[in-house]
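Reading through the C-alpha cells given below for one structure.
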Amino acid sequence: MHCSVVPNDEGKEKFKKSENAAFYRRQIQGPNLEYRLLLDSLVLTEKGARFELLEDGTKTRLLLSLTPCKSDTVRIVIDEIRPIKTRYRVPDVLTGEPPSEQLRVESKTKDSVTLSWSSGRHQVRMWHFPFRLEVLCDQEVIVTFNSKDKLWFESLQNKPSKLEDDKNSLWRETFRNFEDIKANGPSSLGADFCLHGFQHVYGLPQHANRLRLRDTSDGEPYRLYNLDVFAADLYCRLGLYGSVPLIVAHKPDRTVGVFWLNSSDTFINIRYSPSDPRDGETPPVKRRRLRPQTDVHWLSESGVIDCTILLGPAPRQLFRQYAELTGYQAMPPLFSLGYHQCRWNYNDEADVKAVDAGFDRHEIPYDVIWLDIEHTDGKRYFTWDPALFPKPAALQQHLEKKKRKMVVISDPHIKVDPDWPLYREARDGGHFVKDREGQIFRGTCWPGESSYLDFSCPETRAWYSRCYSFDKYKGSTASLFVWNDMNEPSVFNGPEQTMPKDAVHHGGWEHRELHNLYGFYQHMATADGLMSRSGGSERPFVLTRSFFAGSQRLGAIWTGDNVATWEYLKISLPMVLTLSLTGIAFCGADVGGFVKDPDPELLVRWYQAGALQPFFRGHSANDTKRREPWLFGEEVTAAIRTAIQQRYCLLPFWYTLFHFAHTAGLPPVRPLWVEFPRDESTFTEDNQYMIGGALLACPVTEQGAQTVKVLLPGSDEIWYDISSAKTYKGGKSLSLPVNLDTVPVFQRGGSVVCRSTGSGTCTADYQKLSLDVTVALNSQASADGELYLDDGHSFQYRDKKAFSLRRFSMASGRLLCRSASEEGRFDCDTVVQSVSIMGVKSKPTTVNVHVPGAKSVSASFEFLEACSKLKLNNLNVRATMDWDIQIN
C-alpha cells in the first residue's frame with residue numbers, strides 16, 4: 001500500500017547495502033576456507049547419505065546430509081555436528097518430506113565416491129579434497145556445489161561475559177543509530193554453485209529488474225530481505241517486499257533450479273562466464289570454445305545450509321518439482337480473477353456506493369471494491385469508523401445483491417491501546433513479539449505506537465484466525481475478503497524501517513532467523529481465518545504484500561508501491577514473469593501506478609497490460625487525483641471498458657490456466673522460453689510473454705507508440721492476430737502498427753481458447769454466458785485445448801470431485817469435445833454457442849454437428865476468405881457433454 005516518509009537522518013541511506021552487512025563483509029573478505037570430505041565417515045541411510053566435513057584451519061566439523069528424491073531433486077543439508085544450541089531450520093514452507101530414494105555406491109577411489117540412485121541416470125560424485133559435490137545426469141556434470149571453495153559456516157558460540165565496547169565486534173553491529181546485539185554471535189553461512197553450460201539465470205523475486213538476472217561482479221549483489229521500500233529505484237538489487245530464494249537456469253536442452261531454504265538476510269552474487277560480451281573483448285569465435293557456466297554464491301546471516309537442486313530437465317518438470325516442495329498455487333475463487341477497484345481510501349459508504357454505481361452506469365464490469373486503512377476506527381483493524389462506515393454489513397449486502405465483494409485491509413501492527421479489547425487480548429495471551437530485554441516490542445506504524453503480532457507462533461496464528469469469525473469481527477459478512485499489507489513487517493522507526501533483528505519470537509528465536517517468513521505467516525493465519533469462517537467450505541481470497549516461498553498456496557500478491565510512469569509500467573512485466581517462474585502465479589501490479597498521476601494514455605496502456613496479468617487491480621494513493629475509469633473523457637472510458645470487458649470474456653481461459661497452476665504447477669503467464677525452450681532469441685525477452693501455451697501478449701509500454709516490434713517465435717509455428725485473424729509465420733519479428741485501442745495478442749496455431757460471449761456486470765454474470773471456442777490450426781491443420789469448469793467458489797471440486805475438465809481437439813476436419821479427466825463430475829448449463837476456426841484453407845460444403853444419441857444436424861456457418869476464418873453459429877451444445885463437428 002504505502003510507506004512512511006521518514007527522512008534519512010544525516011543524509012544516510014535508509015536501507016543497507018552489502019558493505020553495511022558485517023556477515024557479508026566477513027565472507028567476501030575471507031579467508032577462503034578449504035573443507036575436506038571425510039570419505040570414511042559415509043553412512044548410507046534409508047533417506048540418502050551422511051558425511052562429515054572438516055576444515056583444517058578452524059577445526060570446524062560439519063555434518064552433510066544428502067537426500068535424492070523421486071521427483072528428480074537432490075537436497076543438501078549442512079549443519080554443525082554438535083552445535084551448542086539448535087540452529088534455526090525453516091519450518092512450514094515445505095509441504096512435507098518428499099519421497100526419498102535409496103543411494104548406492106557406484107564407484108570409489110581414494111579421492112572420491114560416486115553415489116547413484118534409481119535407474120542410475122542421476123549420480124552424485126563427492127570429492128575428498130578440496131571438497132566438491134557434483135550432480136550428474138547421464139554422466140554429464142550439471143551442477144557443482146562448492147566449486148569455488150565458498151563454503152562458509154560460522155559455529156554458534158557462548159556469549160562472552162562482557163561484550164567488547166568495539167561497535168564492530170562480532171557480537172554487536174550498528175547501522176545508522178540502531179544497535180543490533182546478536183544473541184549467538186556470528187552465525188552466517190554461505191555456499192557456491194556452478195551451473196555448467198548455463199548463461200541465462202532467472203528468479204530471486206522481488207526486485208524491480210529485468211527477467212534475466214544480471215552479473216553482479218560490477219556492483220551490488222541481489223538481496224533477499226523483505227522491506228517496505230516505497231517507490232523503489234528501478235533496476236536495483238536491493239530487496240523489496242517479498243523473497244523467493246529460487247534460481248532457475250535455462251539452456252536449450254535443460255532447465256535446472258537451486259532452492260536455498262533460508263529466511264534470514266541473504267545476498268546472492270551471480271557471475272556469468274565467459275562474461276557477457278562487451279565491445280573490444282574476445283572475438284565471438286574464440287569465446288564459443290569456452291563452455292559457458294554461471295556461478296551463484298549464496299550468503300545468509302543465520303540458520304543452516306538447506307538447499308535443493310531441481311533437475312528438470314524441462315521447464316514443466318521443474319515447475320512441478322518446485323510445487324511438490326513448497327506447494328501448488330491455491331485455486332482462486334472465480335470472482336478474484338475479475339477486476340478489482342481500490343483506492344487509499346474511499347471516503348465513506350456513500351462514496352463506495354457511488355463508485356459501484358459508476359461502473360454500472362458506464363457498463364464496465366468489476367467484481368471487488370477495496371477499503372484501505374481509513375475505513376477503521378483509528379487504525380484499529382477488525383473495526384469500522386463509526387461516522388464514515390456506520391453500517392458495514394448493509395454496505396456489503398448492497399454489493400452482494402449485485403454479486404460483488406468487498407476487501408478490507410488488515411495489517412500486522414496492533415495499536416497500543418489498553419482500552420481496546422483486541423489489544424488487551426493479544427497482550428494478555430502473549431501474542432506479541434518481544435524485544436531483546438523480554439518486554440513487548442513497540443514500534444510505530446499507521447496507528448502510532450504499535451505492537452506486532454508474533455505470527456511465527458501457531459497459537460497466535462490460531463487466535464488471529466478466530467478474529468475473522470463473524471461473531472468477533474463485527475460488521476463482516478461472507479462477502480468480505482482481506483488484504484494483508486505492511487507485513488514485511490514495516491516499522492517506521494525501526495532499522496531499515498522494519499523490526500530489529502534482535503527482537504525475540506516464539507521459541508526464543510531471534511527475528512533475524514525468520515524475518516523473511518513474517519508476512520508468509522500472517523498470510524497463512526488470514527487464509528486460515530477465512531476458511532474457518534466458512535467451516536472449510538469456501539475458498540478464501542487474501543492478497544499479501546510480503547511473501548516467501550510457499551506463499552502461492554495461500555493466495556495472491558502484488559508488486560507493491562509503484563509509480564505512475566512508463567518505466568514502472570514496463571518493469572511490471574518482468575516482475576510478474578519472475579514471480580510466475582518462482583511459483584507465485586497469482587500476481588499483478590497496481591494498474592495506473594500507486595503514486596503520482598498517470599496521463600490518460602499511460603492509464604489506458606496500463607489497463608490493457610493489467611488485464612493480461614493474473615491479478616488485475618486498479619489502485620491509487622490518497623494524494624493522487626481520483627481516477628475511476630470514467631473520469632478522463634469518453635475515448636479513455638471506452639478504451640478502458642474494452643480492456644476490462646476483454647479480460648472478462650477470457651475468464652474461462654484464465655480459470656482453466658489456474659486449474660493447471662493448482663494441479664500441475666504451471667504458471668498462467670510464462671516467459672516465451674518456457675514454451676520455446678530451444679529458441680535462444682526468446683531467452684532474454686521480457687516485453688512480451690505467453691498466457692498459457694496458447695496466447696502471446698505484447699502490451700504496449702512505450703509512450704506515443706505507433707508501431708510495436710513483436711517476436712513471433714518458432715520457425716514451424718503459425719500465429720494468428722486475434723483482432724484481425726491475420727496469419728503470420730513464426731521465427732521472425734514483426735513490426736505492428738498500433739493506436740490507442742491496439743493490444744497486440746496472438747493465438748498460437750495448434751491451440752484452442754474458450755471465451756465467454758456477451759457481456760455482464762461481474763464474474764457471476766459471465767459464468768452464465770455461452771462460450772465461443774476459438775480453434776487456431778497449425779501447419780498440420782490440427783489443434784487442441786482444455787476448458788475447466790466448477791462452481792467457482794467452494795472446495796467441492798476437491799472434496800467431491802465436482803468439476804469438469806473438457807478437451808477440444810481438432811484433426812482432419814473434425815472437432816471433438818471430450819472429457820479430459822476420469823474423476824471429475826460436474827454438470828452445468830454452460831453451452832458452446834459458436835466455434836471460430838482460424839487457418840481454414842477453403843470454404844466447406846457442409847458442417848454437421850453430432851451429439852451421441854441424437855441425429856446429426858447441419859450447422860449454419862460463414863467463411864471469411866480474406867482471413868481464412870470459418871465461423872460456426874447457433875450450435876447450442878453443452879460444454880460438459882461429448883459431441884463432435886465434422887467439416888466437409
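Here, A, B, ... name the chains of the C-alpha cells in the order displayed, residue numbers run from 1 inside each chain, and ligands are numbered from 1 in the same displayed order.
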Neighbours of Arg626 in chain A within 12 Å (only C-alpha atoms; same-chain residues fewer than 6 positions away dropped), as a list in words?
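These residues fall inside the cut-off: Gln341, Cys342, Arg343, Trp344, Asn345, Tyr346, Asn347, Asp351, Val355, Gly592, Phe594, Val595, Lys596, Asp597, Pro598, Gly618, His619, Ser620 and Phe632 of chain A.
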Those residues with N, CA, C and O atoms, as a short mmCIF file (atom, residue, chain, number, x, y, z; two decimals), in the first residue's frame please?
data_model
loop_
_atom_site.label_atom_id
_atom_site.label_comp_id
_atom_site.auth_asym_id
_atom_site.auth_seq_id
_atom_site.Cartn_x
_atom_site.Cartn_y
_atom_site.Cartn_z
N GLN A 341 -11.30 -2.80 -7.86
CA GLN A 341 -11.18 -1.33 -7.81
C GLN A 341 -10.79 -0.91 -6.39
O GLN A 341 -11.50 -1.21 -5.43
N CYS A 342 -9.64 -0.22 -6.28
CA CYS A 342 -9.11 0.11 -4.95
C CYS A 342 -8.61 1.55 -4.94
O CYS A 342 -8.18 2.08 -5.97
N ARG A 343 -8.69 2.16 -3.75
CA ARG A 343 -8.07 3.47 -3.55
C ARG A 343 -7.77 3.62 -2.06
O ARG A 343 -8.51 3.11 -1.23
N TRP A 344 -6.70 4.34 -1.78
CA TRP A 344 -6.44 4.74 -0.40
C TRP A 344 -6.97 6.17 -0.27
O TRP A 344 -6.29 7.11 -0.58
N ASN A 345 -8.18 6.40 0.12
CA ASN A 345 -9.19 5.50 0.59
C ASN A 345 -10.52 5.94 0.00
O ASN A 345 -10.69 7.11 -0.28
N TYR A 346 -11.46 5.04 -0.20
CA TYR A 346 -12.81 5.52 -0.48
C TYR A 346 -13.37 6.12 0.80
O TYR A 346 -13.26 5.56 1.88
N ASN A 347 -13.96 7.32 0.66
CA ASN A 347 -14.20 8.18 1.82
C ASN A 347 -15.19 7.63 2.83
O ASN A 347 -14.97 7.73 4.03
N ASP A 351 -19.58 7.10 -0.81
CA ASP A 351 -18.55 7.10 -1.85
C ASP A 351 -18.45 5.70 -2.48
O ASP A 351 -18.40 5.56 -3.71
N VAL A 355 -19.18 4.88 -6.45
CA VAL A 355 -18.21 4.25 -7.35
C VAL A 355 -18.81 2.97 -7.93
O VAL A 355 -18.71 2.72 -9.14
N GLY A 592 -2.13 1.67 -13.23
CA GLY A 592 -2.10 3.13 -13.17
C GLY A 592 -0.97 3.68 -12.34
O GLY A 592 -0.67 4.87 -12.42
N PHE A 594 0.66 3.40 -8.19
CA PHE A 594 0.09 3.76 -6.88
C PHE A 594 0.26 5.24 -6.57
O PHE A 594 -0.65 5.90 -6.09
N VAL A 595 1.46 5.77 -6.84
CA VAL A 595 1.70 7.18 -6.55
C VAL A 595 1.87 7.97 -7.85
O VAL A 595 2.21 7.41 -8.88
N LYS A 596 1.63 9.27 -7.76
CA LYS A 596 1.65 10.22 -8.88
C LYS A 596 0.41 9.98 -9.76
O LYS A 596 -0.31 9.00 -9.58
N ASP A 597 0.23 10.89 -10.74
CA ASP A 597 -0.98 10.85 -11.56
C ASP A 597 -0.62 10.47 -12.99
O ASP A 597 0.15 11.17 -13.65
N PRO A 598 -1.19 9.35 -13.48
CA PRO A 598 -0.89 8.97 -14.86
C PRO A 598 -1.64 9.87 -15.83
O PRO A 598 -2.76 10.30 -15.56
N GLY A 618 -6.86 -1.94 -10.06
CA GLY A 618 -6.51 -0.53 -10.12
C GLY A 618 -6.41 0.01 -8.70
O GLY A 618 -7.26 -0.26 -7.86
N HIS A 619 -5.35 0.79 -8.42
CA HIS A 619 -5.12 1.27 -7.06
C HIS A 619 -4.39 2.60 -7.13
O HIS A 619 -3.60 2.83 -8.04
N SER A 620 -4.67 3.48 -6.16
CA SER A 620 -4.02 4.79 -6.15
C SER A 620 -3.93 5.32 -4.73
O SER A 620 -4.73 4.97 -3.86
N PHE A 632 -11.96 10.53 -17.47
CA PHE A 632 -10.98 11.08 -18.40
C PHE A 632 -11.54 11.30 -19.80
O PHE A 632 -10.79 11.38 -20.76
#
For range 121-126 of chain A, find every residue with an atom within 6 Å (counting only C-alpha atoms), except residues of its own chain fewer than 5 positions away, and show them as number ranges by chain. A: 112-116, 132-138
| task | Please provide as a ChimeraX atom specification all residues within 12 Å of Arg254 in chain A, with the sequence filter that same-chain residues fewer than 2 positions apart are discarded (counting only C-alpha atoms). | result | /A:137,140,142-143,195-200,248-252,256-257,310-318,673-674,677-678
Take the residues from that selection and put them in a file with N, CA and C atoms, as a CSV table (one decimal), in the first residue's frame.
chain,number,residue,atom,x,y,z
A,137,CYS,N,23.9,-36.0,-14.6
A,137,CYS,CA,22.8,-36.7,-15.3
A,137,CYS,C,23.4,-37.3,-16.6
A,140,GLU,N,26.9,-36.5,-17.4
A,140,GLU,CA,27.3,-35.1,-17.5
A,140,GLU,C,27.1,-34.4,-16.2
A,142,ILE,N,26.1,-31.5,-14.2
A,142,ILE,CA,25.1,-30.4,-14.4
A,142,ILE,C,25.4,-29.3,-13.4
A,143,VAL,N,25.5,-29.6,-12.1
A,143,VAL,CA,25.7,-28.6,-11.1
A,143,VAL,C,26.9,-29.1,-10.2
A,195,LEU,N,26.7,-23.7,-12.3
A,195,LEU,CA,25.7,-24.3,-13.2
A,195,LEU,C,26.4,-24.4,-14.6
A,196,HIS,N,26.7,-25.6,-15.0
A,196,HIS,CA,27.5,-25.9,-16.1
A,196,HIS,C,26.7,-25.7,-17.4
A,197,GLY,N,27.2,-24.9,-18.3
A,197,GLY,CA,26.6,-24.8,-19.6
A,197,GLY,C,25.5,-23.7,-19.7
A,198,PHE,N,25.3,-23.1,-18.6
A,198,PHE,CA,24.1,-22.1,-18.5
A,198,PHE,C,24.6,-20.7,-18.6
A,199,GLN,N,23.9,-19.9,-19.3
A,199,GLN,CA,24.2,-18.4,-19.4
A,199,GLN,C,23.0,-17.6,-19.2
A,200,HIS,N,21.9,-18.2,-18.8
A,200,HIS,CA,20.6,-17.5,-18.6
A,200,HIS,C,20.0,-18.0,-17.2
A,248,VAL,N,16.4,-20.2,-11.3
A,248,VAL,CA,16.0,-21.1,-12.4
A,248,VAL,C,17.0,-20.8,-13.5
A,249,ALA,N,17.8,-21.8,-13.9
A,249,ALA,CA,18.7,-21.6,-15.0
A,249,ALA,C,18.2,-22.4,-16.3
A,250,HIS,N,18.4,-21.8,-17.4
A,250,HIS,CA,17.9,-22.5,-18.6
A,250,HIS,C,18.9,-22.4,-19.8
A,251,LYS,N,19.0,-23.5,-20.5
A,251,LYS,CA,19.7,-23.6,-21.8
A,251,LYS,C,18.9,-24.5,-22.7
A,252,PRO,N,19.2,-24.5,-24.0
A,252,PRO,CA,18.2,-25.1,-24.9
A,252,PRO,C,17.8,-26.6,-24.6
A,256,VAL,N,17.3,-26.1,-14.9
A,256,VAL,CA,17.6,-26.6,-13.6
A,256,VAL,C,17.2,-25.5,-12.6
A,257,GLY,N,17.1,-25.8,-11.3
A,257,GLY,CA,16.8,-24.8,-10.3
A,257,GLY,C,17.7,-25.1,-9.1
A,310,LEU,N,17.0,-28.8,-8.3
A,310,LEU,CA,15.9,-29.3,-9.1
A,310,LEU,C,16.4,-29.6,-10.5
A,311,LEU,N,16.3,-30.8,-10.9
A,311,LEU,CA,17.0,-31.2,-12.2
A,311,LEU,C,16.2,-31.2,-13.4
A,312,GLY,N,14.9,-30.7,-13.3
A,312,GLY,CA,14.1,-30.6,-14.6
A,312,GLY,C,13.9,-32.0,-15.2
A,313,PRO,N,14.3,-32.2,-16.5
A,313,PRO,CA,15.1,-31.3,-17.3
A,313,PRO,C,14.3,-30.3,-18.1
A,314,ALA,N,13.0,-30.4,-18.2
A,314,ALA,CA,12.2,-29.5,-19.0
A,314,ALA,C,11.6,-28.5,-18.0
A,315,PRO,N,11.2,-27.2,-18.5
A,315,PRO,CA,10.6,-26.3,-17.6
A,315,PRO,C,9.4,-26.8,-16.9
A,316,ARG,N,8.5,-27.5,-17.5
A,316,ARG,CA,7.3,-28.0,-16.9
A,316,ARG,C,7.6,-28.9,-15.7
A,317,GLN,N,8.6,-29.8,-15.9
A,317,GLN,CA,9.0,-30.7,-14.9
A,317,GLN,C,9.6,-29.9,-13.7
A,318,LEU,N,10.4,-28.9,-14.0
A,318,LEU,CA,10.9,-28.1,-12.9
A,318,LEU,C,9.8,-27.4,-12.1
A,673,TRP,N,10.5,-18.3,-23.3
A,673,TRP,CA,11.4,-19.5,-23.4
A,673,TRP,C,10.8,-20.8,-22.8
A,674,VAL,N,9.8,-20.6,-21.9
A,674,VAL,CA,9.1,-21.7,-21.3
A,674,VAL,C,8.4,-22.6,-22.3
A,677,PRO,N,11.6,-23.6,-25.5
A,677,PRO,CA,12.9,-23.8,-24.7
A,677,PRO,C,14.1,-23.8,-25.6
A,678,ARG,N,14.0,-24.1,-26.9
A,678,ARG,CA,15.2,-24.3,-27.7
A,678,ARG,C,15.5,-23.0,-28.5
Close residues, range 414-426 of chain A itself excluded, 6 Å, only C-alpha atoms, min 5 positions apart in chain, as a ChimeraX atom specification: /A:431,447,449-451
Selected residue of minimal separation from Asn32 in chain A among A:Arg533, A:Lys403, A:His398, A:Lys150, counting only C-alpha atoms =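 The answer is A:Lys150, which sits nearest to Asn32 in chain A.
Of the residues in range 401-447 of chain A, those given helix (DSSP H, G or I) by DSSP on the backbone are Pro421, Leu422, Tyr423, Arg424, Glu425, Ala426, Arg427 and Asp428 of chain A.
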The residue from A:Pro614, A:Gly529, A:Pro629, A:Gly429 with the smallest atom-to-atom distance to Val669 in chain A, counting only C-alpha atoms, is A:Pro614
Selection: 10 Å around Asp829 in chain A, only C-alpha atoms, excl. self and same-chain fewer than 2 positions, as a list in words:
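The residues that qualify are Gln767, Lys768, Leu769, Ser770, Asp827, Val831, Val832, Val877, Arg878, Ala879 and Thr880 of chain A.
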Could you write out that same residue set with N, CA and C atoms as an mmCIF file, in the first residue's frame?
data_model
loop_
_atom_site.group_PDB
_atom_site.id
_atom_site.type_symbol
_atom_site.label_atom_id
_atom_site.label_comp_id
_atom_site.auth_asym_id
_atom_site.auth_seq_id
_atom_site.Cartn_x
_atom_site.Cartn_y
_atom_site.Cartn_z
ATOM 1 N N GLN A 767 -20.345 -16.161 -15.800
ATOM 2 C CA GLN A 767 -20.442 -17.609 -15.618
ATOM 3 C C GLN A 767 -21.649 -18.193 -16.345
ATOM 4 N N LYS A 768 -22.694 -17.379 -16.492
ATOM 5 C CA LYS A 768 -23.936 -17.870 -17.107
ATOM 6 C C LYS A 768 -23.940 -17.727 -18.623
ATOM 7 N N LEU A 769 -22.944 -17.040 -19.163
ATOM 8 C CA LEU A 769 -22.947 -16.777 -20.608
ATOM 9 C C LEU A 769 -22.496 -18.018 -21.382
ATOM 10 N N SER A 770 -22.885 -18.057 -22.640
ATOM 11 C CA SER A 770 -22.433 -19.148 -23.502
ATOM 12 C C SER A 770 -20.994 -18.880 -23.950
ATOM 13 N N ASP A 827 -22.007 -30.949 -13.540
ATOM 14 C CA ASP A 827 -22.934 -30.596 -14.603
ATOM 15 C C ASP A 827 -23.325 -29.142 -14.450
ATOM 16 N N VAL A 831 -23.103 -23.617 -22.334
ATOM 17 C CA VAL A 831 -23.190 -24.154 -23.691
ATOM 18 C C VAL A 831 -22.156 -23.485 -24.587
ATOM 19 N N VAL A 832 -21.716 -24.232 -25.573
ATOM 20 C CA VAL A 832 -20.881 -23.672 -26.638
ATOM 21 C C VAL A 832 -21.830 -23.181 -27.723
ATOM 22 N N VAL A 877 -24.537 -26.444 -28.003
ATOM 23 C CA VAL A 877 -24.179 -27.771 -27.488
ATOM 24 C C VAL A 877 -23.574 -27.617 -26.089
ATOM 25 N N ARG A 878 -23.875 -28.554 -25.207
ATOM 26 C CA ARG A 878 -23.432 -28.461 -23.812
ATOM 27 C C ARG A 878 -21.919 -28.638 -23.717
ATOM 28 N N ALA A 879 -21.282 -27.780 -22.943
ATOM 29 C CA ALA A 879 -19.824 -27.859 -22.791
ATOM 30 C C ALA A 879 -19.407 -29.113 -22.034
ATOM 31 N N THR A 880 -20.279 -29.629 -21.167
ATOM 32 C CA THR A 880 -19.911 -30.791 -20.342
ATOM 33 C C THR A 880 -20.329 -32.116 -20.979
#
Report task. Determine, counting only C-alpha atoms, which protein, DNA and RNA residues have an atom within 8 Å of an atom of Lys379 in chain A; residues of the same chain fewer than 2 positions away are not included. Present the result as a list in words. Result -> Ile373, Glu374, Thr376, Asp377, Tyr381, Lys415, Trp446 and Pro447 of chain A
Selection: 9 Å around Ala232 in chain A, only C-alpha atoms, excl. self and same-chain fewer than 2 positions, as a compact mmCIF listing (two decimals) with N, CA, C and O atoms, in the first residue's frame:
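Now in part.txt:
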# COMPACT_ATOMS: atom_id res chain seq x y z
N HIS A 207 12.53 -8.02 -7.04
CA HIS A 207 13.36 -6.88 -7.41
C HIS A 207 12.69 -6.20 -8.60
O HIS A 207 12.07 -6.86 -9.42
N ALA A 208 12.85 -4.89 -8.67
CA ALA A 208 12.31 -4.14 -9.82
C ALA A 208 13.38 -4.20 -10.91
O ALA A 208 14.16 -3.28 -11.08
N VAL A 229 9.89 -0.74 0.84
CA VAL A 229 10.65 0.20 0.01
C VAL A 229 9.66 0.96 -0.87
O VAL A 229 9.14 0.40 -1.83
N PHE A 230 9.42 2.18 -0.51
CA PHE A 230 8.43 3.00 -1.22
C PHE A 230 8.98 3.44 -2.57
O PHE A 230 10.08 3.98 -2.64
N LEU A 234 14.30 1.66 -9.92
CA LEU A 234 14.25 0.59 -10.90
C LEU A 234 15.66 0.05 -11.16
O LEU A 234 16.64 0.76 -11.01
N CYS A 236 17.30 -1.98 -9.47
CA CYS A 236 18.07 -2.00 -8.24
C CYS A 236 18.03 -3.42 -7.68
O CYS A 236 17.04 -4.13 -7.85
N LEU A 238 18.47 -4.17 -4.40
CA LEU A 238 18.02 -4.21 -3.01
C LEU A 238 16.78 -5.07 -2.89
O LEU A 238 16.00 -5.16 -3.84
N LEU A 240 13.00 -6.10 -1.93
CA LEU A 240 11.72 -5.39 -1.82
C LEU A 240 10.84 -6.13 -0.81
O LEU A 240 11.31 -6.59 0.21
N ASP A 561 4.32 -0.80 -3.97
CA ASP A 561 4.11 0.63 -4.22
C ASP A 561 4.85 1.10 -5.47
O ASP A 561 6.01 1.49 -5.41
N ASN A 562 4.15 1.10 -6.59
CA ASN A 562 4.77 1.53 -7.84
C ASN A 562 4.39 2.97 -8.17
O ASN A 562 3.64 3.62 -7.43
N VAL A 563 4.90 3.47 -9.26
CA VAL A 563 4.76 4.88 -9.61
C VAL A 563 4.13 5.00 -10.99
O VAL A 563 4.40 4.18 -11.88
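Coordinates place CA of Ser756 in chain A at a distance of 6.6 Å from CA of Leu650 in chain A.
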message: So the first atom is CA of Arg647 in chain A and the second is CA of Val604 in chain A; what is the distance between them in Å, to one decimal place?
response: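 It comes out at 14.0 Å.
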Would you write out, as a tab-separated table, a table of all residues in range 146-231 of chain A that have an atom no more than 10 Å from an atom of range 51-63 of chain A, listing for each the closest atom pair and the distance in Å to one decimal, considering only C-alpha atoms and ordering rows by chain and rising residue number?
residue	atom	partner	partner_atom	distance
A:Trp152	CA	A:Glu55	CA	9.8
A:Phe153	CA	A:Thr60	CA	8.3
A:Glu154	CA	A:Thr60	CA	8.6
A:Ser155	CA	A:Thr60	CA	7.7
May I have the selected residues written with all heavy atoms, as a PDB file, in the first residue's frame?
ATOM      1  N   TRP A 152      31.014 -21.762   3.757  1.00  0.00           N
ATOM      2  CA  TRP A 152      31.321 -20.954   4.948  1.00  0.00           C
ATOM      3  C   TRP A 152      30.283 -21.298   6.008  1.00  0.00           C
ATOM      4  O   TRP A 152      29.090 -21.343   5.713  1.00  0.00           O
ATOM      5  CB  TRP A 152      31.251 -19.474   4.567  1.00  0.00           C
ATOM      6  CG  TRP A 152      31.499 -18.494   5.670  1.00  0.00           C
ATOM      7  CD1 TRP A 152      30.600 -18.086   6.611  1.00  0.00           C
ATOM      8  CD2 TRP A 152      32.709 -17.767   5.920  1.00  0.00           C
ATOM      9  NE1 TRP A 152      31.175 -17.158   7.441  1.00  0.00           N
ATOM     10  CE2 TRP A 152      32.475 -16.937   7.032  1.00  0.00           C
ATOM     11  CE3 TRP A 152      33.956 -17.735   5.309  1.00  0.00           C
ATOM     12  CZ2 TRP A 152      33.451 -16.090   7.547  1.00  0.00           C
ATOM     13  CZ3 TRP A 152      34.927 -16.898   5.816  1.00  0.00           C
ATOM     14  CH2 TRP A 152      34.677 -16.085   6.929  1.00  0.00           C
ATOM     15  N   PHE A 153      30.739 -21.533   7.218  1.00  0.00           N
ATOM     16  CA  PHE A 153      29.789 -21.910   8.272  1.00  0.00           C
ATOM     17  C   PHE A 153      30.347 -21.455   9.617  1.00  0.00           C
ATOM     18  O   PHE A 153      31.333 -22.003  10.105  1.00  0.00           O
ATOM     19  CB  PHE A 153      29.588 -23.431   8.271  1.00  0.00           C
ATOM     20  CG  PHE A 153      28.225 -23.861   8.718  1.00  0.00           C
ATOM     21  CD1 PHE A 153      27.259 -24.251   7.810  1.00  0.00           C
ATOM     22  CD2 PHE A 153      27.889 -23.858  10.070  1.00  0.00           C
ATOM     23  CE1 PHE A 153      25.993 -24.654   8.220  1.00  0.00           C
ATOM     24  CE2 PHE A 153      26.639 -24.241  10.490  1.00  0.00           C
ATOM     25  CZ  PHE A 153      25.680 -24.643   9.560  1.00  0.00           C
ATOM     26  N   GLU A 154      29.751 -20.416  10.191  1.00  0.00           N
ATOM     27  CA  GLU A 154      30.225 -19.896  11.481  1.00  0.00           C
ATOM     28  C   GLU A 154      29.506 -20.617  12.618  1.00  0.00           C
ATOM     29  O   GLU A 154      28.282 -20.577  12.714  1.00  0.00           O
ATOM     30  CB  GLU A 154      29.958 -18.382  11.564  1.00  0.00           C
ATOM     31  CG  GLU A 154      30.787 -17.606  10.558  1.00  0.00           C
ATOM     32  CD  GLU A 154      30.529 -16.108  10.578  1.00  0.00           C
ATOM     33  OE1 GLU A 154      29.374 -15.685  10.803  1.00  0.00           O
ATOM     34  OE2 GLU A 154      31.479 -15.344  10.337  1.00  0.00           O
ATOM     35  N   SER A 155      30.265 -21.264  13.467  1.00  0.00           N
ATOM     36  CA  SER A 155      29.685 -22.026  14.580  1.00  0.00           C
ATOM     37  C   SER A 155      29.109 -21.086  15.639  1.00  0.00           C
ATOM     38  O   SER A 155      29.673 -20.009  15.900  1.00  0.00           O
ATOM     39  CB  SER A 155      30.754 -22.899  15.233  1.00  0.00           C
ATOM     40  OG  SER A 155      31.319 -23.761  14.272  1.00  0.00           O
TER      41      SER A 155
END
Exercise. So which residues of range 419-524 of chain A fall under strand (DSSP E) by DSSP, listed as a ChimeraX atom specification?
Worked result: /A:443-445,448-452,480-484
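Minimum atom-to-atom distances from A:Gly536, A:Gly338, A:Gly507, A:Pro332 to His659 in chain A were compared using only C-alpha atoms, and the lowest value belongs to A:Pro332.
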